[in-house]
Structure formats: structure tokens, C-alpha cells
$ cat start-v1.txt   # compact mmCIF, N, CA and C atoms
# COMPACT_ATOMS: atom_id res chain seq x y z
N MET A 218 -47.79 -94.79 -52.62
CA MET A 218 -48.03 -95.22 -51.25
C MET A 218 -46.75 -95.87 -50.71
N ASN A 219 -46.39 -95.51 -49.51
CA ASN A 219 -45.17 -96.00 -48.90
C ASN A 219 -45.49 -97.18 -47.98
N THR A 220 -45.00 -98.37 -48.32
CA THR A 220 -45.26 -99.58 -47.54
C THR A 220 -44.17 -99.76 -46.50
N PRO A 221 -44.54 -99.90 -45.22
CA PRO A 221 -43.52 -100.11 -44.18
C PRO A 221 -42.81 -101.45 -44.37
N THR A 222 -41.53 -101.46 -43.98
CA THR A 222 -40.76 -102.70 -44.11
C THR A 222 -40.93 -103.60 -42.88
N ASP A 223 -41.30 -103.04 -41.75
CA ASP A 223 -41.50 -103.83 -40.54
C ASP A 223 -42.81 -104.61 -40.66
N PRO A 224 -42.73 -105.95 -40.57
CA PRO A 224 -43.96 -106.75 -40.74
C PRO A 224 -45.06 -106.41 -39.73
N LEU A 225 -44.69 -106.05 -38.50
CA LEU A 225 -45.71 -105.70 -37.50
C LEU A 225 -46.43 -104.41 -37.90
N LYS A 226 -45.69 -103.45 -38.43
CA LYS A 226 -46.30 -102.20 -38.91
C LYS A 226 -47.23 -102.48 -40.09
N ARG A 227 -46.78 -103.36 -41.00
CA ARG A 227 -47.63 -103.73 -42.14
C ARG A 227 -48.91 -104.38 -41.64
N PHE A 228 -48.79 -105.25 -40.65
CA PHE A 228 -49.94 -105.94 -40.07
C PHE A 228 -50.92 -104.92 -39.50
N GLU A 229 -50.37 -103.92 -38.79
CA GLU A 229 -51.20 -102.92 -38.15
C GLU A 229 -51.90 -102.01 -39.17
N GLU A 230 -51.18 -101.62 -40.20
CA GLU A 230 -51.72 -100.67 -41.18
C GLU A 230 -52.63 -101.33 -42.21
N ALA A 231 -52.34 -102.57 -42.55
CA ALA A 231 -53.14 -103.27 -43.55
C ALA A 231 -53.30 -104.73 -43.12
N PRO A 232 -54.27 -105.00 -42.25
CA PRO A 232 -54.46 -106.38 -41.78
C PRO A 232 -54.68 -107.34 -42.95
N PRO A 233 -54.20 -108.57 -42.82
CA PRO A 233 -54.38 -109.54 -43.90
C PRO A 233 -55.86 -109.84 -44.12
N LYS A 234 -56.19 -110.09 -45.37
CA LYS A 234 -57.59 -110.34 -45.73
C LYS A 234 -57.90 -111.82 -45.92
N SER A 235 -56.86 -112.66 -45.86
CA SER A 235 -57.07 -114.09 -46.06
C SER A 235 -56.14 -114.87 -45.14
N ARG A 236 -56.45 -116.13 -44.97
CA ARG A 236 -55.61 -117.01 -44.15
C ARG A 236 -54.20 -117.13 -44.74
N GLU A 237 -54.13 -117.18 -46.07
CA GLU A 237 -52.84 -117.29 -46.74
C GLU A 237 -51.98 -116.06 -46.47
N ALA A 238 -52.59 -114.88 -46.52
CA ALA A 238 -51.86 -113.64 -46.25
C ALA A 238 -51.41 -113.60 -44.79
N LEU A 239 -52.25 -114.11 -43.89
CA LEU A 239 -51.89 -114.17 -42.48
C LEU A 239 -50.70 -115.10 -42.27
N LEU A 240 -50.70 -116.24 -42.92
CA LEU A 240 -49.59 -117.18 -42.79
C LEU A 240 -48.30 -116.60 -43.35
N LYS A 241 -48.41 -115.84 -44.42
CA LYS A 241 -47.22 -115.21 -45.01
C LYS A 241 -46.65 -114.17 -44.04
N LEU A 242 -47.52 -113.39 -43.44
CA LEU A 242 -47.08 -112.39 -42.46
C LEU A 242 -46.49 -113.07 -41.23
N TRP A 243 -47.09 -114.16 -40.79
CA TRP A 243 -46.57 -114.90 -39.65
C TRP A 243 -45.19 -115.47 -39.96
N ALA A 244 -44.97 -115.87 -41.19
CA ALA A 244 -43.65 -116.37 -41.58
C ALA A 244 -42.58 -115.29 -41.40
N ALA A 245 -42.96 -114.03 -41.60
CA ALA A 245 -42.01 -112.93 -41.40
C ALA A 245 -41.87 -112.57 -39.93
N LEU A 246 -42.96 -112.65 -39.17
CA LEU A 246 -42.93 -112.25 -37.76
C LEU A 246 -42.52 -113.38 -36.82
N GLY A 247 -42.81 -114.60 -37.18
CA GLY A 247 -42.58 -115.75 -36.31
C GLY A 247 -41.20 -115.84 -35.70
N PRO A 248 -40.13 -115.74 -36.51
CA PRO A 248 -38.79 -115.84 -35.91
C PRO A 248 -38.50 -114.77 -34.87
N ARG A 249 -38.98 -113.56 -35.10
CA ARG A 249 -38.77 -112.48 -34.11
C ARG A 249 -39.56 -112.76 -32.83
N VAL A 250 -40.79 -113.25 -32.99
CA VAL A 250 -41.62 -113.57 -31.82
C VAL A 250 -40.99 -114.72 -31.04
N ARG A 251 -40.50 -115.74 -31.75
CA ARG A 251 -39.88 -116.90 -31.09
C ARG A 251 -38.67 -116.46 -30.27
N THR A 252 -37.88 -115.54 -30.79
CA THR A 252 -36.71 -115.04 -30.07
C THR A 252 -37.13 -114.22 -28.85
N ALA A 253 -38.13 -113.37 -29.01
CA ALA A 253 -38.55 -112.48 -27.92
C ALA A 253 -39.35 -113.20 -26.84
N ASP A 254 -40.22 -114.14 -27.25
CA ASP A 254 -41.10 -114.79 -26.28
C ASP A 254 -41.52 -116.16 -26.82
N PRO A 255 -40.72 -117.19 -26.56
CA PRO A 255 -41.01 -118.53 -27.10
C PRO A 255 -42.40 -119.05 -26.75
N ALA A 256 -42.90 -118.76 -25.56
CA ALA A 256 -44.22 -119.26 -25.17
C ALA A 256 -45.31 -118.68 -26.07
N ARG A 257 -45.23 -117.41 -26.38
CA ARG A 257 -46.22 -116.78 -27.27
C ARG A 257 -46.09 -117.36 -28.68
N TYR A 258 -44.87 -117.59 -29.11
CA TYR A 258 -44.64 -118.18 -30.44
C TYR A 258 -45.37 -119.52 -30.55
N TYR A 259 -45.18 -120.39 -29.58
CA TYR A 259 -45.80 -121.71 -29.63
C TYR A 259 -47.32 -121.62 -29.49
N ALA A 260 -47.81 -120.64 -28.73
CA ALA A 260 -49.27 -120.46 -28.61
C ALA A 260 -49.87 -120.05 -29.95
N VAL A 261 -49.19 -119.16 -30.66
CA VAL A 261 -49.69 -118.74 -31.98
C VAL A 261 -49.60 -119.89 -32.96
N GLN A 262 -48.51 -120.63 -32.94
CA GLN A 262 -48.37 -121.79 -33.84
C GLN A 262 -49.53 -122.76 -33.63
N GLU A 263 -49.86 -123.00 -32.37
CA GLU A 263 -50.96 -123.91 -32.06
C GLU A 263 -52.29 -123.35 -32.55
N ALA A 264 -52.51 -122.05 -32.35
CA ALA A 264 -53.76 -121.42 -32.78
C ALA A 264 -53.92 -121.49 -34.29
N LEU A 265 -52.82 -121.36 -35.02
CA LEU A 265 -52.89 -121.42 -36.48
C LEU A 265 -53.32 -122.80 -36.98
N GLU A 266 -53.11 -123.81 -36.18
CA GLU A 266 -53.48 -125.17 -36.57
C GLU A 266 -54.93 -125.50 -36.20
N LEU A 267 -55.56 -124.69 -35.37
CA LEU A 267 -56.94 -124.93 -34.96
C LEU A 267 -57.91 -124.32 -35.95
N ASP A 268 -59.16 -124.74 -35.87
CA ASP A 268 -60.21 -124.23 -36.75
C ASP A 268 -60.87 -123.03 -36.09
N ILE A 269 -60.14 -121.92 -36.07
CA ILE A 269 -60.62 -120.68 -35.46
C ILE A 269 -61.09 -119.76 -36.59
N PRO A 270 -62.22 -119.06 -36.42
CA PRO A 270 -62.67 -118.12 -37.46
C PRO A 270 -61.54 -117.13 -37.80
N PHE A 271 -61.40 -116.81 -39.08
CA PHE A 271 -60.28 -116.01 -39.53
C PHE A 271 -60.16 -114.67 -38.81
N SER A 272 -61.27 -113.96 -38.64
CA SER A 272 -61.20 -112.63 -38.02
C SER A 272 -60.66 -112.71 -36.59
N VAL A 273 -61.07 -113.73 -35.85
CA VAL A 273 -60.60 -113.93 -34.48
C VAL A 273 -59.13 -114.32 -34.49
N LEU A 274 -58.76 -115.20 -35.40
CA LEU A 274 -57.37 -115.66 -35.50
C LEU A 274 -56.44 -114.50 -35.84
N ALA A 275 -56.83 -113.66 -36.78
CA ALA A 275 -55.99 -112.53 -37.18
C ALA A 275 -55.77 -111.58 -36.01
N LEU A 276 -56.82 -111.29 -35.26
CA LEU A 276 -56.68 -110.41 -34.09
C LEU A 276 -55.79 -111.04 -33.03
N TYR A 277 -55.94 -112.33 -32.81
CA TYR A 277 -55.12 -113.04 -31.83
C TYR A 277 -53.64 -113.01 -32.21
N VAL A 278 -53.36 -113.32 -33.47
CA VAL A 278 -51.97 -113.32 -33.93
C VAL A 278 -51.37 -111.93 -33.79
N PHE A 279 -52.11 -110.91 -34.20
CA PHE A 279 -51.61 -109.53 -34.08
C PHE A 279 -51.33 -109.18 -32.62
N ARG A 280 -52.27 -109.48 -31.74
CA ARG A 280 -52.10 -109.15 -30.33
C ARG A 280 -50.89 -109.85 -29.72
N GLU A 281 -50.74 -111.12 -30.00
CA GLU A 281 -49.62 -111.87 -29.43
C GLU A 281 -48.28 -111.40 -29.99
N CYS A 282 -48.24 -111.10 -31.27
CA CYS A 282 -47.00 -110.58 -31.86
C CYS A 282 -46.64 -109.24 -31.24
N ARG A 283 -47.62 -108.40 -31.12
CA ARG A 283 -47.38 -107.07 -30.55
C ARG A 283 -46.88 -107.17 -29.11
N ARG A 284 -47.51 -108.02 -28.33
CA ARG A 284 -47.09 -108.18 -26.93
C ARG A 284 -45.68 -108.75 -26.83
N ALA A 285 -45.35 -109.68 -27.69
CA ALA A 285 -44.03 -110.30 -27.65
C ALA A 285 -42.94 -109.31 -28.08
N LEU A 286 -43.27 -108.42 -29.01
CA LEU A 286 -42.25 -107.56 -29.60
C LEU A 286 -42.19 -106.16 -29.00
N GLU A 287 -43.17 -105.79 -28.19
CA GLU A 287 -43.12 -104.45 -27.62
C GLU A 287 -42.05 -104.40 -26.53
N ASP A 288 -41.51 -103.22 -26.32
CA ASP A 288 -40.50 -103.04 -25.28
C ASP A 288 -41.19 -103.12 -23.93
N ASN A 289 -40.61 -103.91 -23.05
CA ASN A 289 -41.18 -104.08 -21.72
C ASN A 289 -40.14 -103.66 -20.69
N PRO A 290 -40.28 -102.46 -20.12
CA PRO A 290 -39.29 -101.97 -19.16
C PRO A 290 -39.14 -102.86 -17.93
N LEU A 291 -40.20 -103.52 -17.49
CA LEU A 291 -40.10 -104.40 -16.33
C LEU A 291 -39.17 -105.58 -16.63
N GLN A 292 -39.30 -106.18 -17.80
CA GLN A 292 -38.41 -107.28 -18.15
C GLN A 292 -36.97 -106.80 -18.26
N GLU A 293 -36.77 -105.59 -18.78
CA GLU A 293 -35.41 -105.04 -18.89
C GLU A 293 -34.81 -104.86 -17.50
N ARG A 294 -35.61 -104.36 -16.56
CA ARG A 294 -35.11 -104.16 -15.18
C ARG A 294 -34.80 -105.48 -14.52
N LEU A 295 -35.63 -106.50 -14.76
CA LEU A 295 -35.39 -107.81 -14.16
C LEU A 295 -34.11 -108.43 -14.73
N ALA A 296 -33.83 -108.16 -15.98
CA ALA A 296 -32.63 -108.72 -16.63
C ALA A 296 -31.36 -108.11 -16.03
N GLU A 297 -31.45 -106.87 -15.57
CA GLU A 297 -30.28 -106.22 -14.97
C GLU A 297 -30.02 -106.83 -13.64
$ encode --input "start-v1.txt" --output "C-alpha cells"
Amino acid sequence: MNTPTDPLKRFEEAPPKSREALLKLWAALGPRVRTADPARYYAVQEALELDIPFSVLALYVFRECRRALEDNPLQERLAE
């Protein structure tokens, strides 16, 4: 089995099954998210500290990471 090296791809193909696995994946994705979208980074950090059911938390972290890291042509045009 070929495991992707991109943490977001790993997240998508094999979602974490425990809070510890989610935190490990966040440790790999967090710096990229912080660079791309600091507000989303801090929102996820805050959510990780709350008592949110794991399944909801995992979906939230995945969604926010994906949104922060996806290419956004509108932001690219605004930057020009």
C-alpha cells in the first residue's frame, strides 16, 4: 500500500481514529495552515482545546485545513 506523503492527503484517505492521531496529524498540518491562513489556524487550535466530540472535531479540523490550503484564485487575483 502506498501512503501519501502530504498530510492533508493522508487525512483525506485515512481519517484519524483517535484524538492522539488527530493531534499528530495537526502537528504536521498546523504550520502550513498558520502560514496560509492564520485565522483558521487559531480557530482550529481553540477547537482542539474544547470538549468537542471527536467525530465532529476531526471533520472540523479537516475542513478548516482544506479550506486554508486549497488554491483560491480570488485571493491570487487580489494579491496582484
$ atom_distance --input "start-v1.txt" --atom1 "atom N of A:Pro232" --atom2 "atom CA of A:Ala256"
24.4 Å
$ atom_distance --input "start-v1.txt" --atom1 "atom N of A:Glu266" --atom2 "atom C of A:Glu230"
23.3 Å
$ closest_residue --input "start-v1.txt" --among "A:Pro270, A:Ala264, A:Ser235, A:Leu246" --to "A:Cys282" --atoms "only C-alpha atoms"
A:Leu246
$ atom_distance --input "start-v1.txt" --atom1 "atom C of A:Lys241" --atom2 "atom N of A:Asp288"
21.5 Å
$ residues_around --input "start-v1.txt" --residues "A:Ala245" --least-positions-apart "5" --cutoff "12 Å" --atoms "only C-alpha atoms" --output "PyMOL selection string"
chain A and resi 222-228+238-240+250-251+282
$ select_by_dssp --input "start-v1.txt" --residues "chain A" --states "helix (DSSP H, G or I)" --output "PyMOL selection string"
chain A and resi 224-230+236-253+255-266+271-286+290-296
$ residues_near_point --input "start-v1.txt" --point "(-50.6, -120.3, -33.3)" --cutoff "10 Å" --atoms "only C-alpha atoms" --output "list in words"
Trp243, Gly247, Arg257, Tyr258, Tyr259, Ala260, Val261, Gln262, Glu263, Ala264, Leu265, Glu266, Leu267, Leu274, Tyr277, Val278 and Glu281 of chain A
$ closest_residue --input "start-v1.txt" --among "A:Ile269, A:Ala285, A:Glu229, A:Pro255" --to "A:Leu242" --atoms "only C-alpha atoms"
A:Glu229
$ closest_residue --input "start-v1.txt" --among "A:Arg236, A:Ser272, A:Phe279, A:Leu286" --to "A:Thr252" --atoms "only C-alpha atoms"
A:Leu286
